[in-house]
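Visitor: For reference, the file data_6.pdb (PDB, C-alpha atoms) is included below:
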ATOM      1  CA  GLY K 764     -16.568   8.356  -5.745  1.00  0.00           C
ATOM      2  CA  ALA K 765     -13.385  10.315  -5.203  1.00  0.00           C
ATOM      3  CA  VAL K 766     -11.609  11.580  -8.298  1.00  0.00           C
ATOM      4  CA  VAL K 767      -7.909  11.648  -9.027  1.00  0.00           C
ATOM      5  CA  SER K 768      -6.569  13.208 -12.203  1.00  0.00           C
ATOM      6  CA  GLN K 769      -3.233  12.939 -13.943  1.00  0.00           C
ATOM      7  CA  HIS K 770      -1.669  15.237 -16.463  1.00  0.00           C
ATOM      8  CA  PRO K 771      -0.627  14.678 -19.114  1.00  0.00           C
ATOM      9  CA  SER K 772      -2.391  11.490 -20.142  1.00  0.00           C
ATOM     10  CA  TRP K 773       0.376  10.724 -22.565  1.00  0.00           C
ATOM     11  CA  VAL K 774       3.726  12.248 -23.452  1.00  0.00           C
ATOM     12  CA  ILE K 775       6.450  11.567 -25.964  1.00  0.00           C
ATOM     13  CA  CYS K 776       9.899  12.985 -25.321  1.00  0.00           C
ATOM     14  CA  LYS K 777      13.440  12.725 -26.580  1.00  0.00           C
ATOM     15  CA  SER K 778      16.084  10.785 -24.730  1.00  0.00           C
ATOM     16  CA  GLY K 779      17.885  12.938 -22.192  1.00  0.00           C
ATOM     17  CA  THR K 780      15.033  15.307 -21.492  1.00  0.00           C
ATOM     18  CA  SER K 781      12.969  15.536 -18.305  1.00  0.00           C
ATOM     19  CA  VAL K 782       9.249  14.987 -18.009  1.00  0.00           C
ATOM     20  CA  LYS K 783       6.934  16.087 -15.214  1.00  0.00           C
ATOM     21  CA  ILE K 784       3.714  14.244 -14.427  1.00  0.00           C
ATOM     22  CA  GLU K 785       1.073  15.753 -12.151  1.00  0.00           C
ATOM     23  CA  CYS K 786      -1.326  13.897  -9.897  1.00  0.00           C
ATOM     24  CA  ARG K 787      -4.239  15.772  -8.343  1.00  0.00           C
ATOM     25  CA  SER K 788      -6.953  14.740  -5.937  1.00  0.00           C
ATOM     26  CA  LEU K 789      -9.914  16.780  -7.150  1.00  0.00           C
ATOM     27  CA  ASP K 790     -12.454  16.481  -4.372  1.00  0.00           C
ATOM     28  CA  PHE K 791     -10.499  15.456  -1.306  1.00  0.00           C
ATOM     29  CA  GLN K 792      -7.238  16.167   0.439  1.00  0.00           C
ATOM     30  CA  ALA K 793      -4.548  13.536   0.409  1.00  0.00           C
ATOM     31  CA  THR K 794      -1.612  13.615   2.781  1.00  0.00           C
ATOM     32  CA  THR K 795      -0.307  10.478   1.118  1.00  0.00           C
ATOM     33  CA  MET K 796      -0.046   9.720  -2.566  1.00  0.00           C
ATOM     34  CA  PHE K 797       1.629   6.797  -4.276  1.00  0.00           C
ATOM     35  CA  TRP K 798       3.390   6.430  -7.602  1.00  0.00           C
ATOM     36  CA  TYR K 799       3.277   3.153  -9.519  1.00  0.00           C
ATOM     37  CA  ARG K 800       4.715   1.890 -12.737  1.00  0.00           C
ATOM     38  CA  GLN K 801       2.927  -0.631 -14.916  1.00  0.00           C
ATOM     39  CA  PHE K 802       4.539  -2.581 -17.712  1.00  0.00           C
ATOM     40  CA  PRO K 803       2.436  -4.115 -20.491  1.00  0.00           C
ATOM     41  CA  LYS K 804       0.328  -7.003 -19.269  1.00  0.00           C
ATOM     42  CA  GLN K 805       1.928  -6.827 -15.831  1.00  0.00           C
ATOM     43  CA  SER K 806       0.900  -5.678 -12.415  1.00  0.00           C
ATOM     44  CA  LEU K 807       1.537  -2.341 -10.809  1.00  0.00           C
ATOM     45  CA  MET K 808       4.853  -1.924  -9.093  1.00  0.00           C
ATOM     46  CA  LEU K 809       5.053   0.663  -6.338  1.00  0.00           C
ATOM     47  CA  MET K 810       7.814   3.170  -6.961  1.00  0.00           C
ATOM     48  CA  ALA K 811       7.451   5.538  -4.031  1.00  0.00           C
ATOM     49  CA  THR K 812       5.195   6.912  -1.339  1.00  0.00           C
ATOM     50  CA  SER K 813       4.726  10.670  -1.440  1.00  0.00           C
ATOM     51  CA  ASN K 814       3.925  12.449   1.812  1.00  0.00           C
ATOM     52  CA  GLU K 815       2.764  16.048   1.870  1.00  0.00           C
ATOM     53  CA  GLY K 816       5.425  18.321   3.240  1.00  0.00           C
ATOM     54  CA  SER K 817       8.128  15.704   3.578  1.00  0.00           C
ATOM     55  CA  LYS K 818      10.470  13.618   1.494  1.00  0.00           C
ATOM     56  CA  ALA K 819       9.140  10.716  -0.502  1.00  0.00           C
ATOM     57  CA  THR K 820       9.904   7.149   0.502  1.00  0.00           C
ATOM     58  CA  TYR K 821      11.268   5.128  -2.394  1.00  0.00           C
ATOM     59  CA  GLU K 822      10.989   1.406  -2.881  1.00  0.00           C
ATOM     60  CA  GLN K 823      14.120  -0.664  -3.179  1.00  0.00           C
ATOM     61  CA  GLY K 824      15.687  -0.402  -6.600  1.00  0.00           C
ATOM     62  CA  VAL K 825      14.022   2.896  -7.537  1.00  0.00           C
ATOM     63  CA  GLU K 826      16.503   5.719  -8.160  1.00  0.00           C
ATOM     64  CA  LYS K 827      15.376   8.740  -6.183  1.00  0.00           C
ATOM     65  CA  ASP K 828      17.607  11.088  -8.175  1.00  0.00           C
ATOM     66  CA  LYS K 829      16.027   9.925 -11.404  1.00  0.00           C
ATOM     67  CA  PHE K 830      12.420   9.907 -10.276  1.00  0.00           C
ATOM     68  CA  LEU K 831      11.926  13.146  -8.357  1.00  0.00           C
ATOM     69  CA  ILE K 832       8.749  13.389  -6.332  1.00  0.00           C
ATOM     70  CA  ASN K 833       7.300  16.551  -4.862  1.00  0.00           C
ATOM     71  CA  HIS K 834       4.144  16.704  -2.757  1.00  0.00           C
ATOM     72  CA  ALA K 835       3.844  20.395  -2.023  1.00  0.00           C
ATOM     73  CA  SER K 836       0.139  20.534  -1.256  1.00  0.00           C
ATOM     74  CA  LEU K 837      -2.633  18.271  -0.020  1.00  0.00           C
ATOM     75  CA  THR K 838      -4.030  17.899  -3.526  1.00  0.00           C
ATOM     76  CA  LEU K 839      -0.976  17.736  -5.755  1.00  0.00           C
ATOM     77  CA  SER K 840       1.994  15.434  -6.163  1.00  0.00           C
ATOM     78  CA  THR K 841       4.400  15.519  -9.080  1.00  0.00           C
ATOM     79  CA  LEU K 842       6.741  12.912 -10.515  1.00  0.00           C
ATOM     80  CA  THR K 843       9.619  14.163 -12.639  1.00  0.00           C
ATOM     81  CA  VAL K 844      11.496  11.638 -14.730  1.00  0.00           C
ATOM     82  CA  THR K 845      14.910  13.225 -15.187  1.00  0.00           C
ATOM     83  CA  SER K 846      17.173  12.513 -18.133  1.00  0.00           C
ATOM     84  CA  ALA K 847      14.679  10.056 -19.516  1.00  0.00           C
ATOM     85  CA  HIS K 848      15.822   7.089 -21.570  1.00  0.00           C
ATOM     86  CA  PRO K 849      13.886   4.577 -23.658  1.00  0.00           C
ATOM     87  CA  GLU K 850      13.872   2.068 -20.796  1.00  0.00           C
ATOM     88  CA  ASP K 851      11.858   4.587 -18.778  1.00  0.00           C
ATOM     89  CA  SER K 852       9.000   4.257 -21.250  1.00  0.00           C
ATOM     90  CA  SER K 853       6.084   2.915 -19.277  1.00  0.00           C
ATOM     91  CA  PHE K 854       2.652   3.621 -17.873  1.00  0.00           C
ATOM     92  CA  TYR K 855       2.894   5.688 -14.698  1.00  0.00           C
ATOM     93  CA  ILE K 856      -0.036   5.672 -12.307  1.00  0.00           C
ATOM     94  CA  CYS K 857      -0.624   7.633  -9.153  1.00  0.00           C
ATOM     95  CA  SER K 858      -3.029   7.039  -6.329  1.00  0.00           C
ATOM     96  CA  ALA K 859      -4.198   9.224  -3.481  1.00  0.00           C
ATOM     97  CA  HIS K 860      -5.243   8.089  -0.049  1.00  0.00           C
ATOM     98  CA  HIS K 861      -8.679   9.319   0.952  1.00  0.00           C
ATOM     99  CA  ALA K 862      -8.818   9.131   4.738  1.00  0.00           C
ATOM    100  CA  SER K 863     -11.507  11.575   5.857  1.00  0.00           C
ATOM    101  CA  GLY K 864     -15.196  10.954   6.498  1.00  0.00           C
ATOM    102  CA  GLY K 865     -14.736   7.272   7.210  1.00  0.00           C
ATOM    103  CA  ALA K 866     -13.012   6.567   3.915  1.00  0.00           C
ATOM    104  CA  ASP K 867      -9.779   4.610   3.992  1.00  0.00           C
ATOM    105  CA  THR K 868      -9.093   3.849   0.376  1.00  0.00           C
ATOM    106  CA  GLN K 869      -6.651   4.658  -2.366  1.00  0.00           C
ATOM    107  CA  TYR K 870      -8.134   6.193  -5.495  1.00  0.00           C
ATOM    108  CA  PHE K 871      -6.188   5.901  -8.701  1.00  0.00           C
ATOM    109  CA  GLY K 872      -5.511   8.330 -11.481  1.00  0.00           C
ATOM    110  CA  PRO K 873      -6.062   7.290 -15.107  1.00  0.00           C
ATOM    111  CA  GLY K 874      -2.339   6.965 -15.727  1.00  0.00           C
ATOM    112  CA  THR K 875       0.235   8.657 -17.944  1.00  0.00           C
ATOM    113  CA  ARG K 876       1.774   6.880 -20.901  1.00  0.00           C
ATOM    114  CA  LEU K 877       5.417   7.953 -21.283  1.00  0.00           C
ATOM    115  CA  THR K 878       7.284   7.140 -24.476  1.00  0.00           C
ATOM    116  CA  VAL K 879      10.953   8.081 -24.663  1.00  0.00           C
ATOM    117  CA  LEU K 880      12.435   8.112 -28.137  1.00  0.00           C
TER     118      LEU K 880
ATOM    119  CA  GLY I 713       7.002  -9.943   2.850  1.00  0.00           C
ATOM    120  CA  ASN I 714       3.503  -9.525   1.540  1.00  0.00           C
ATOM    121  CA  SER I 715       2.418 -11.199  -1.662  1.00  0.00           C
ATOM    122  CA  VAL I 716      -0.747 -11.763  -3.670  1.00  0.00           C
ATOM    123  CA  THR I 717      -1.314 -14.642  -6.052  1.00  0.00           C
ATOM    124  CA  GLN I 718      -4.026 -14.570  -8.686  1.00  0.00           C
ATOM    125  CA  MET I 719      -5.120 -17.115 -11.199  1.00  0.00           C
ATOM    126  CA  GLU I 720      -3.604 -16.555 -14.592  1.00  0.00           C
ATOM    127  CA  GLY I 721      -5.752 -15.371 -17.417  1.00  0.00           C
ATOM    128  CA  PRO I 722      -7.172 -14.679 -19.757  1.00  0.00           C
ATOM    129  CA  VAL I 723     -10.494 -15.999 -18.577  1.00  0.00           C
ATOM    130  CA  THR I 724     -13.045 -16.194 -21.381  1.00  0.00           C
ATOM    131  CA  LEU I 725     -16.722 -16.607 -20.537  1.00  0.00           C
ATOM    132  CA  SER I 726     -20.031 -16.381 -22.291  1.00  0.00           C
ATOM    133  CA  GLU I 727     -22.442 -13.696 -21.203  1.00  0.00           C
ATOM    134  CA  GLU I 728     -24.496 -14.681 -18.125  1.00  0.00           C
ATOM    135  CA  ALA I 729     -21.934 -17.267 -17.030  1.00  0.00           C
ATOM    136  CA  PHE I 730     -20.711 -17.515 -13.438  1.00  0.00           C
ATOM    137  CA  LEU I 731     -17.366 -15.944 -12.683  1.00  0.00           C
ATOM    138  CA  THR I 732     -14.755 -16.864 -10.114  1.00  0.00           C
ATOM    139  CA  ILE I 733     -11.303 -15.329 -10.020  1.00  0.00           C
ATOM    140  CA  ASN I 734      -9.133 -16.857  -7.336  1.00  0.00           C
ATOM    141  CA  CYS I 735      -6.903 -14.761  -5.107  1.00  0.00           C
ATOM    142  CA  THR I 736      -4.751 -15.883  -2.201  1.00  0.00           C
ATOM    143  CA  TYR I 737      -2.417 -13.819  -0.126  1.00  0.00           C
ATOM    144  CA  THR I 738       0.499 -13.949   2.259  1.00  0.00           C
ATOM    145  CA  ALA I 739       0.791 -11.247   4.872  1.00  0.00           C
ATOM    146  CA  THR I 740       1.660 -10.654   8.479  1.00  0.00           C
ATOM    147  CA  GLY I 741      -1.107  -9.512  10.763  1.00  0.00           C
ATOM    148  CA  TYR I 742      -4.523  -8.613   9.434  1.00  0.00           C
ATOM    149  CA  PRO I 743      -4.349  -6.914   6.063  1.00  0.00           C
ATOM    150  CA  SER I 744      -7.142  -5.140   4.258  1.00  0.00           C
ATOM    151  CA  LEU I 745      -8.050  -6.777   0.946  1.00  0.00           C
ATOM    152  CA  PHE I 746      -9.156  -5.150  -2.278  1.00  0.00           C
ATOM    153  CA  TRP I 747     -10.282  -5.896  -5.791  1.00  0.00           C
ATOM    154  CA  TYR I 748      -9.525  -3.272  -8.422  1.00  0.00           C
ATOM    155  CA  VAL I 749     -10.732  -3.302 -12.033  1.00  0.00           C
ATOM    156  CA  GLN I 750      -9.013  -1.748 -15.033  1.00  0.00           C
ATOM    157  CA  TYR I 751     -11.178  -1.273 -18.101  1.00  0.00           C
ATOM    158  CA  PRO I 752      -9.418  -0.966 -21.475  1.00  0.00           C
ATOM    159  CA  GLY I 753      -7.657   2.368 -21.758  1.00  0.00           C
ATOM    160  CA  GLU I 754      -8.610   3.477 -18.254  1.00  0.00           C
ATOM    161  CA  GLY I 755      -7.047   3.639 -14.805  1.00  0.00           C
ATOM    162  CA  LEU I 756      -7.713   1.345 -11.897  1.00  0.00           C
ATOM    163  CA  GLN I 757     -11.023   1.631 -10.112  1.00  0.00           C
ATOM    164  CA  LEU I 758     -11.787   0.228  -6.691  1.00  0.00           C
ATOM    165  CA  LEU I 759     -14.363  -2.522  -7.133  1.00  0.00           C
ATOM    166  CA  LEU I 760     -14.762  -3.713  -3.558  1.00  0.00           C
ATOM    167  CA  LYS I 761     -12.881  -4.196  -0.328  1.00  0.00           C
ATOM    168  CA  ALA I 762     -12.935  -6.003   3.009  1.00  0.00           C
ATOM    169  CA  THR I 763     -11.043  -4.968   6.089  1.00  0.00           C
ATOM    170  CA  LYS I 764     -11.437  -7.913   8.466  1.00  0.00           C
ATOM    171  CA  ALA I 765     -11.995 -11.638   8.484  1.00  0.00           C
ATOM    172  CA  ASP I 766     -15.405 -12.857   7.269  1.00  0.00           C
ATOM    173  CA  ASP I 767     -16.271  -9.449   5.825  1.00  0.00           C
ATOM    174  CA  LYS I 768     -17.920  -9.584   2.418  1.00  0.00           C
ATOM    175  CA  GLY I 769     -17.247  -6.803  -0.033  1.00  0.00           C
ATOM    176  CA  SER I 770     -19.763  -6.310  -2.817  1.00  0.00           C
ATOM    177  CA  ASN I 771     -20.372  -3.920  -5.693  1.00  0.00           C
ATOM    178  CA  LYS I 772     -22.018  -4.076  -9.133  1.00  0.00           C
ATOM    179  CA  GLY I 773     -22.961  -7.710  -8.606  1.00  0.00           C
ATOM    180  CA  PHE I 774     -19.421  -8.733  -7.677  1.00  0.00           C
ATOM    181  CA  GLU I 775     -18.668 -10.239  -4.273  1.00  0.00           C
ATOM    182  CA  ALA I 776     -15.614 -11.384  -2.360  1.00  0.00           C
ATOM    183  CA  THR I 777     -15.343 -12.739   1.178  1.00  0.00           C
ATOM    184  CA  TYR I 778     -12.278 -12.281   3.371  1.00  0.00           C
ATOM    185  CA  ARG I 779     -11.326 -15.828   4.416  1.00  0.00           C
ATOM    186  CA  LYS I 780      -8.564 -15.732   6.964  1.00  0.00           C
ATOM    187  CA  GLU I 781      -8.440 -19.500   7.428  1.00  0.00           C
ATOM    188  CA  THR I 782      -7.653 -20.050   3.757  1.00  0.00           C
ATOM    189  CA  THR I 783      -5.960 -16.636   3.215  1.00  0.00           C
ATOM    190  CA  SER I 784      -8.201 -16.089   0.237  1.00  0.00           C
ATOM    191  CA  PHE I 785     -10.346 -13.323  -1.263  1.00  0.00           C
ATOM    192  CA  HIS I 786     -11.910 -14.888  -4.361  1.00  0.00           C
ATOM    193  CA  LEU I 787     -13.955 -12.643  -6.641  1.00  0.00           C
ATOM    194  CA  GLU I 788     -17.338 -13.934  -7.828  1.00  0.00           C
ATOM    195  CA  LYS I 789     -20.207 -12.755  -9.972  1.00  0.00           C
ATOM    196  CA  GLY I 790     -23.306 -14.751 -10.727  1.00  0.00           C
ATOM    197  CA  SER I 791     -23.922 -13.517 -14.261  1.00  0.00           C
ATOM    198  CA  VAL I 792     -21.270 -11.636 -16.202  1.00  0.00           C
ATOM    199  CA  GLN I 793     -21.904  -9.145 -18.971  1.00  0.00           C
ATOM    200  CA  VAL I 794     -19.826  -8.093 -21.942  1.00  0.00           C
ATOM    201  CA  SER I 795     -19.243  -4.793 -20.160  1.00  0.00           C
ATOM    202  CA  ASP I 796     -17.411  -6.663 -17.376  1.00  0.00           C
ATOM    203  CA  SER I 797     -14.533  -7.383 -19.753  1.00  0.00           C
ATOM    204  CA  ALA I 798     -11.500  -5.878 -18.041  1.00  0.00           C
ATOM    205  CA  VAL I 799      -8.420  -6.742 -16.024  1.00  0.00           C
ATOM    206  CA  TYR I 800      -9.061  -7.489 -12.364  1.00  0.00           C
ATOM    207  CA  PHE I 801      -6.394  -6.976  -9.711  1.00  0.00           C
ATOM    208  CA  CYS I 802      -6.425  -8.393  -6.208  1.00  0.00           C
ATOM    209  CA  ALA I 803      -4.467  -6.349  -3.680  1.00  0.00           C
ATOM    210  CA  LEU I 804      -3.718  -6.045  -0.002  1.00  0.00           C
ATOM    211  CA  SER I 805      -2.450  -3.418   2.371  1.00  0.00           C
ATOM    212  CA  ASP I 806      -1.103  -3.873   5.850  1.00  0.00           C
ATOM    213  CA  GLN I 807      -2.950  -1.126   7.652  1.00  0.00           C
ATOM    214  CA  GLY I 808      -5.908  -0.053   5.615  1.00  0.00           C
ATOM    215  CA  GLY I 809      -6.066   2.047   2.491  1.00  0.00           C
ATOM    216  CA  GLY I 810      -3.405   4.493   3.507  1.00  0.00           C
ATOM    217  CA  ASN I 811      -0.630   2.005   3.422  1.00  0.00           C
ATOM    218  CA  LYS I 812       1.085   0.824   0.310  1.00  0.00           C
ATOM    219  CA  LEU I 813      -0.709  -1.771  -1.764  1.00  0.00           C
ATOM    220  CA  THR I 814       0.706  -5.063  -2.927  1.00  0.00           C
ATOM    221  CA  PHE I 815      -0.935  -6.190  -6.154  1.00  0.00           C
ATOM    222  CA  GLY I 816      -1.419  -9.521  -7.804  1.00  0.00           C
ATOM    223  CA  THR I 817      -0.468  -9.850 -11.449  1.00  0.00           C
ATOM    224  CA  GLY I 818      -4.002  -9.232 -12.655  1.00  0.00           C
ATOM    225  CA  THR I 819      -6.482 -11.490 -14.433  1.00  0.00           C
ATOM    226  CA  GLN I 820      -7.901 -10.507 -17.776  1.00  0.00           C
ATOM    227  CA  LEU I 821     -11.576 -11.326 -18.220  1.00  0.00           C
ATOM    228  CA  LYS I 822     -13.164 -11.520 -21.652  1.00  0.00           C
ATOM    229  CA  VAL I 823     -16.915 -11.898 -21.850  1.00  0.00           C
ATOM    230  CA  GLU I 824     -18.390 -12.861 -25.197  1.00  0.00           C
ATOM    231  CA  LEU I 825     -21.963 -12.855 -26.484  1.00  0.00           C
TER     232      LEU I 825
END
Render the structure in this file as structure tokens.
Guide:
Amino acid sequence: GAVVSQHPSWVICKSGTSVKIECRSLDFQATTMFWYRQFPKQSLMLMATSNEGSKATYEQGVEKDKFLINHASLTLSTLTVTSAHPEDSSFYICSAHHASGGADTQYFGPGTRLTVL
Amino acid sequence: GNSVTQMEGPVTLSEEAFLTINCTYTATGYPSLFWYVQYPGEGLQLLLKATKADDKGSNKGFEATYRKETTSFHLEKGSVQVSDSAVYFCALSDQGGGNKLTFGTGTQLKVEL
């Protein structure tokens, strides 16, 4: 099946610093990628929809100035958590929409564990 | 708005037992329905999907049928294995896989010998 990678898989940072997380579709092009946040033992909550070449669409309650999303190419989207604080500690997951060749499915990355001290 | 309701877990079964994880949904129109599985320490993987009423998705012995009349998409497997232990998420999207997904809260399955 289609492969989506995330980097880094885990990161620990100090409060007030910024962290960038990369999401790559390795064997297909994705005009649309999604960023989710997952709290322990809870479901995934959609944060934003990332569209290649245009601004991301954020879900209600998600601060766009804090969670910067860039989707500069058809295989890469980045999420930057700016001025991170301990409450931003979470598991961040991306997905990429595979639409070509009859596929119409989102494929998920393995996630990035962010811990803010 | 859209919503997905799953049975609460954890569900604990003995190996070779029959599995059912209930999932019902609320949506406008005709959503696509999905089951995703998350193994310990890993990301979500698509298990199966159905895009229209009466479709049956199947994979690795798991099945789910899109029931529009009952707005349900229950996951079943005839004989579970220890390796099936994971968290299972039911999800829907309005217009196929390219639209945003709405997830249920997930159901943890534990299969014991």
Visitor: Contacts from chain I to chain K, 12 Å maximum, all atoms listed in the file: show me the residue list as a PyMOL selection string.
Guide: chain I and resi 716-718+720-722+744-763+798-805+807-820
Visitor: Put those residues in a file: C-alpha atoms, as a PDB file, in the frame of the given file.
Guide:
ATOM      1  CA  VAL I 716      -0.747 -11.763  -3.670  1.00  0.00           C
ATOM      2  CA  THR I 717      -1.314 -14.642  -6.052  1.00  0.00           C
ATOM      3  CA  GLN I 718      -4.026 -14.570  -8.686  1.00  0.00           C
ATOM      4  CA  GLU I 720      -3.604 -16.555 -14.592  1.00  0.00           C
ATOM      5  CA  GLY I 721      -5.752 -15.371 -17.417  1.00  0.00           C
ATOM      6  CA  PRO I 722      -7.172 -14.679 -19.757  1.00  0.00           C
ATOM      7  CA  SER I 744      -7.142  -5.140   4.258  1.00  0.00           C
ATOM      8  CA  LEU I 745      -8.050  -6.777   0.946  1.00  0.00           C
ATOM      9  CA  PHE I 746      -9.156  -5.150  -2.278  1.00  0.00           C
ATOM     10  CA  TRP I 747     -10.282  -5.896  -5.791  1.00  0.00           C
ATOM     11  CA  TYR I 748      -9.525  -3.272  -8.422  1.00  0.00           C
ATOM     12  CA  VAL I 749     -10.732  -3.302 -12.033  1.00  0.00           C
ATOM     13  CA  GLN I 750      -9.013  -1.748 -15.033  1.00  0.00           C
ATOM     14  CA  TYR I 751     -11.178  -1.273 -18.101  1.00  0.00           C
ATOM     15  CA  PRO I 752      -9.418  -0.966 -21.475  1.00  0.00           C
ATOM     16  CA  GLY I 753      -7.657   2.368 -21.758  1.00  0.00           C
ATOM     17  CA  GLU I 754      -8.610   3.477 -18.254  1.00  0.00           C
ATOM     18  CA  GLY I 755      -7.047   3.639 -14.805  1.00  0.00           C
ATOM     19  CA  LEU I 756      -7.713   1.345 -11.897  1.00  0.00           C
ATOM     20  CA  GLN I 757     -11.023   1.631 -10.112  1.00  0.00           C
ATOM     21  CA  LEU I 758     -11.787   0.228  -6.691  1.00  0.00           C
ATOM     22  CA  LEU I 759     -14.363  -2.522  -7.133  1.00  0.00           C
ATOM     23  CA  LEU I 760     -14.762  -3.713  -3.558  1.00  0.00           C
ATOM     24  CA  LYS I 761     -12.881  -4.196  -0.328  1.00  0.00           C
ATOM     25  CA  ALA I 762     -12.935  -6.003   3.009  1.00  0.00           C
ATOM     26  CA  THR I 763     -11.043  -4.968   6.089  1.00  0.00           C
ATOM     27  CA  ALA I 798     -11.500  -5.878 -18.041  1.00  0.00           C
ATOM     28  CA  VAL I 799      -8.420  -6.742 -16.024  1.00  0.00           C
ATOM     29  CA  TYR I 800      -9.061  -7.489 -12.364  1.00  0.00           C
ATOM     30  CA  PHE I 801      -6.394  -6.976  -9.711  1.00  0.00           C
ATOM     31  CA  CYS I 802      -6.425  -8.393  -6.208  1.00  0.00           C
ATOM     32  CA  ALA I 803      -4.467  -6.349  -3.680  1.00  0.00           C
ATOM     33  CA  LEU I 804      -3.718  -6.045  -0.002  1.00  0.00           C
ATOM     34  CA  SER I 805      -2.450  -3.418   2.371  1.00  0.00           C
ATOM     35  CA  GLN I 807      -2.950  -1.126   7.652  1.00  0.00           C
ATOM     36  CA  GLY I 808      -5.908  -0.053   5.615  1.00  0.00           C
ATOM     37  CA  GLY I 809      -6.066   2.047   2.491  1.00  0.00           C
ATOM     38  CA  GLY I 810      -3.405   4.493   3.507  1.00  0.00           C
ATOM     39  CA  ASN I 811      -0.630   2.005   3.422  1.00  0.00           C
ATOM     40  CA  LYS I 812       1.085   0.824   0.310  1.00  0.00           C
ATOM     41  CA  LEU I 813      -0.709  -1.771  -1.764  1.00  0.00           C
ATOM     42  CA  THR I 814       0.706  -5.063  -2.927  1.00  0.00           C
ATOM     43  CA  PHE I 815      -0.935  -6.190  -6.154  1.00  0.00           C
ATOM     44  CA  GLY I 816      -1.419  -9.521  -7.804  1.00  0.00           C
ATOM     45  CA  THR I 817      -0.468  -9.850 -11.449  1.00  0.00           C
ATOM     46  CA  GLY I 818      -4.002  -9.232 -12.655  1.00  0.00           C
ATOM     47  CA  THR I 819      -6.482 -11.490 -14.433  1.00  0.00           C
ATOM     48  CA  GLN I 820      -7.901 -10.507 -17.776  1.00  0.00           C
TER      49      GLN I 820
END
Visitor: Just give me the gap between CA of Ser852 (chain K) and CA of Ile832 (chain K) in Å, one decimal is fine.
Guide: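 It comes out at 17.5 Å.
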Visitor: Just say which residues the PyMOL selection byres ((chain K and resi 849) around 9) picks in this file, as a compact mmCIF listing (two decimals) with C-alpha atoms, in the frame of the given file.
Guide:
# COMPACT_ATOMS: atom_id res chain seq x y z
CA LYS K 777 13.44 12.72 -26.58
CA SER K 778 16.08 10.78 -24.73
CA ALA K 847 14.68 10.06 -19.52
CA HIS K 848 15.82 7.09 -21.57
CA GLU K 850 13.87 2.07 -20.80
CA ASP K 851 11.86 4.59 -18.78
CA SER K 852 9.00 4.26 -21.25
CA THR K 878 7.28 7.14 -24.48
CA VAL K 879 10.95 8.08 -24.66
CA LEU K 880 12.44 8.11 -28.14
Visitor: Pick from K:Gln769, K:Ser788, K:Ser781, K:Ser863: nearest to Leu831 (chain K), with only C-alpha atoms counted?
Guide: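 Ranked by minimum distance to Leu831 (chain K), first place goes to K:Ser781.
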Visitor: Could you tell me how far CA of Phe774 (chain I) sits from CA of Thr732 (chain I), in Å to one decimal place?
Guide: 9.7 Å
Visitor: Could you tell me how far CA of Glu826 (chain K) lies from CA of Thr843 (chain K), in Å and to one decimal?
Guide: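 So the two atoms, CA of Glu826 (chain K) and CA of Thr843 (chain K), lie 11.8 Å apart.
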Visitor: For this structure, which residues satisfy the selection - the PyMOL selection byres ((chain I and resi 822) around 9) - when it is evaluated on the file as given? I want them as an MDAnalysis selection string.
Guide: chainID I and resid 722:726 794 796:799 820:821 823:824
Visitor: Please write as a ChimeraX atom specification the full residue list that the PyMOL selection byres ((chain K and resi 833) around 8) yields on this file.
Guide: /K:813,818-819,831-832,834-835,840-842
Visitor: Quick one: everything within 10 Å of Ala729 (chain I), counting only C-alpha atoms, minus sequence neighbours fewer than 6 positions away in the same chain. Send it as a list in words.
Guide: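 Residues meeting the cut-off are Lys789, Gly790, Ser791, Val792, Gln793, Val823 and Glu824 of chain I.
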Visitor: Draw an axis-aligned box tight on the listed atoms of region 736-746 of chain I, then pad every side by 8 Å and write out centre and edge lengths in Å to one decimal as AutoDock Vina command-line options.
Guide:
--center_x -3.7 --center_y -10.5 --center_z 4.2 --size_x 26.8 --size_y 26.7 --size_z 29.0
Visitor: Could you check the closest approach to Gly779 (chain K) for each of K:Val844, K:Val825, K:Leu877, K:Ser853 and tell me which residue wins, using all atoms listed in the file?
Guide: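 Closest to Gly779 (chain K) of all the choices is K:Val844.
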Visitor: Phe854 (chain K): which residues within 6 Å, counting all atoms listed in the file, same-chain residues fewer than 3 positions away excluded, as a PyMOL selection string?
Guide: chain K and resi 800-801+875-876
Visitor: From the list I:Glu727, I:Asp766, I:Asp806, I:Glu775, which residue is nearest Leu787 (chain I) when using only C-alpha atoms?
Guide: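 Ranked by minimum distance to Leu787 (chain I), first place goes to I:Glu775.
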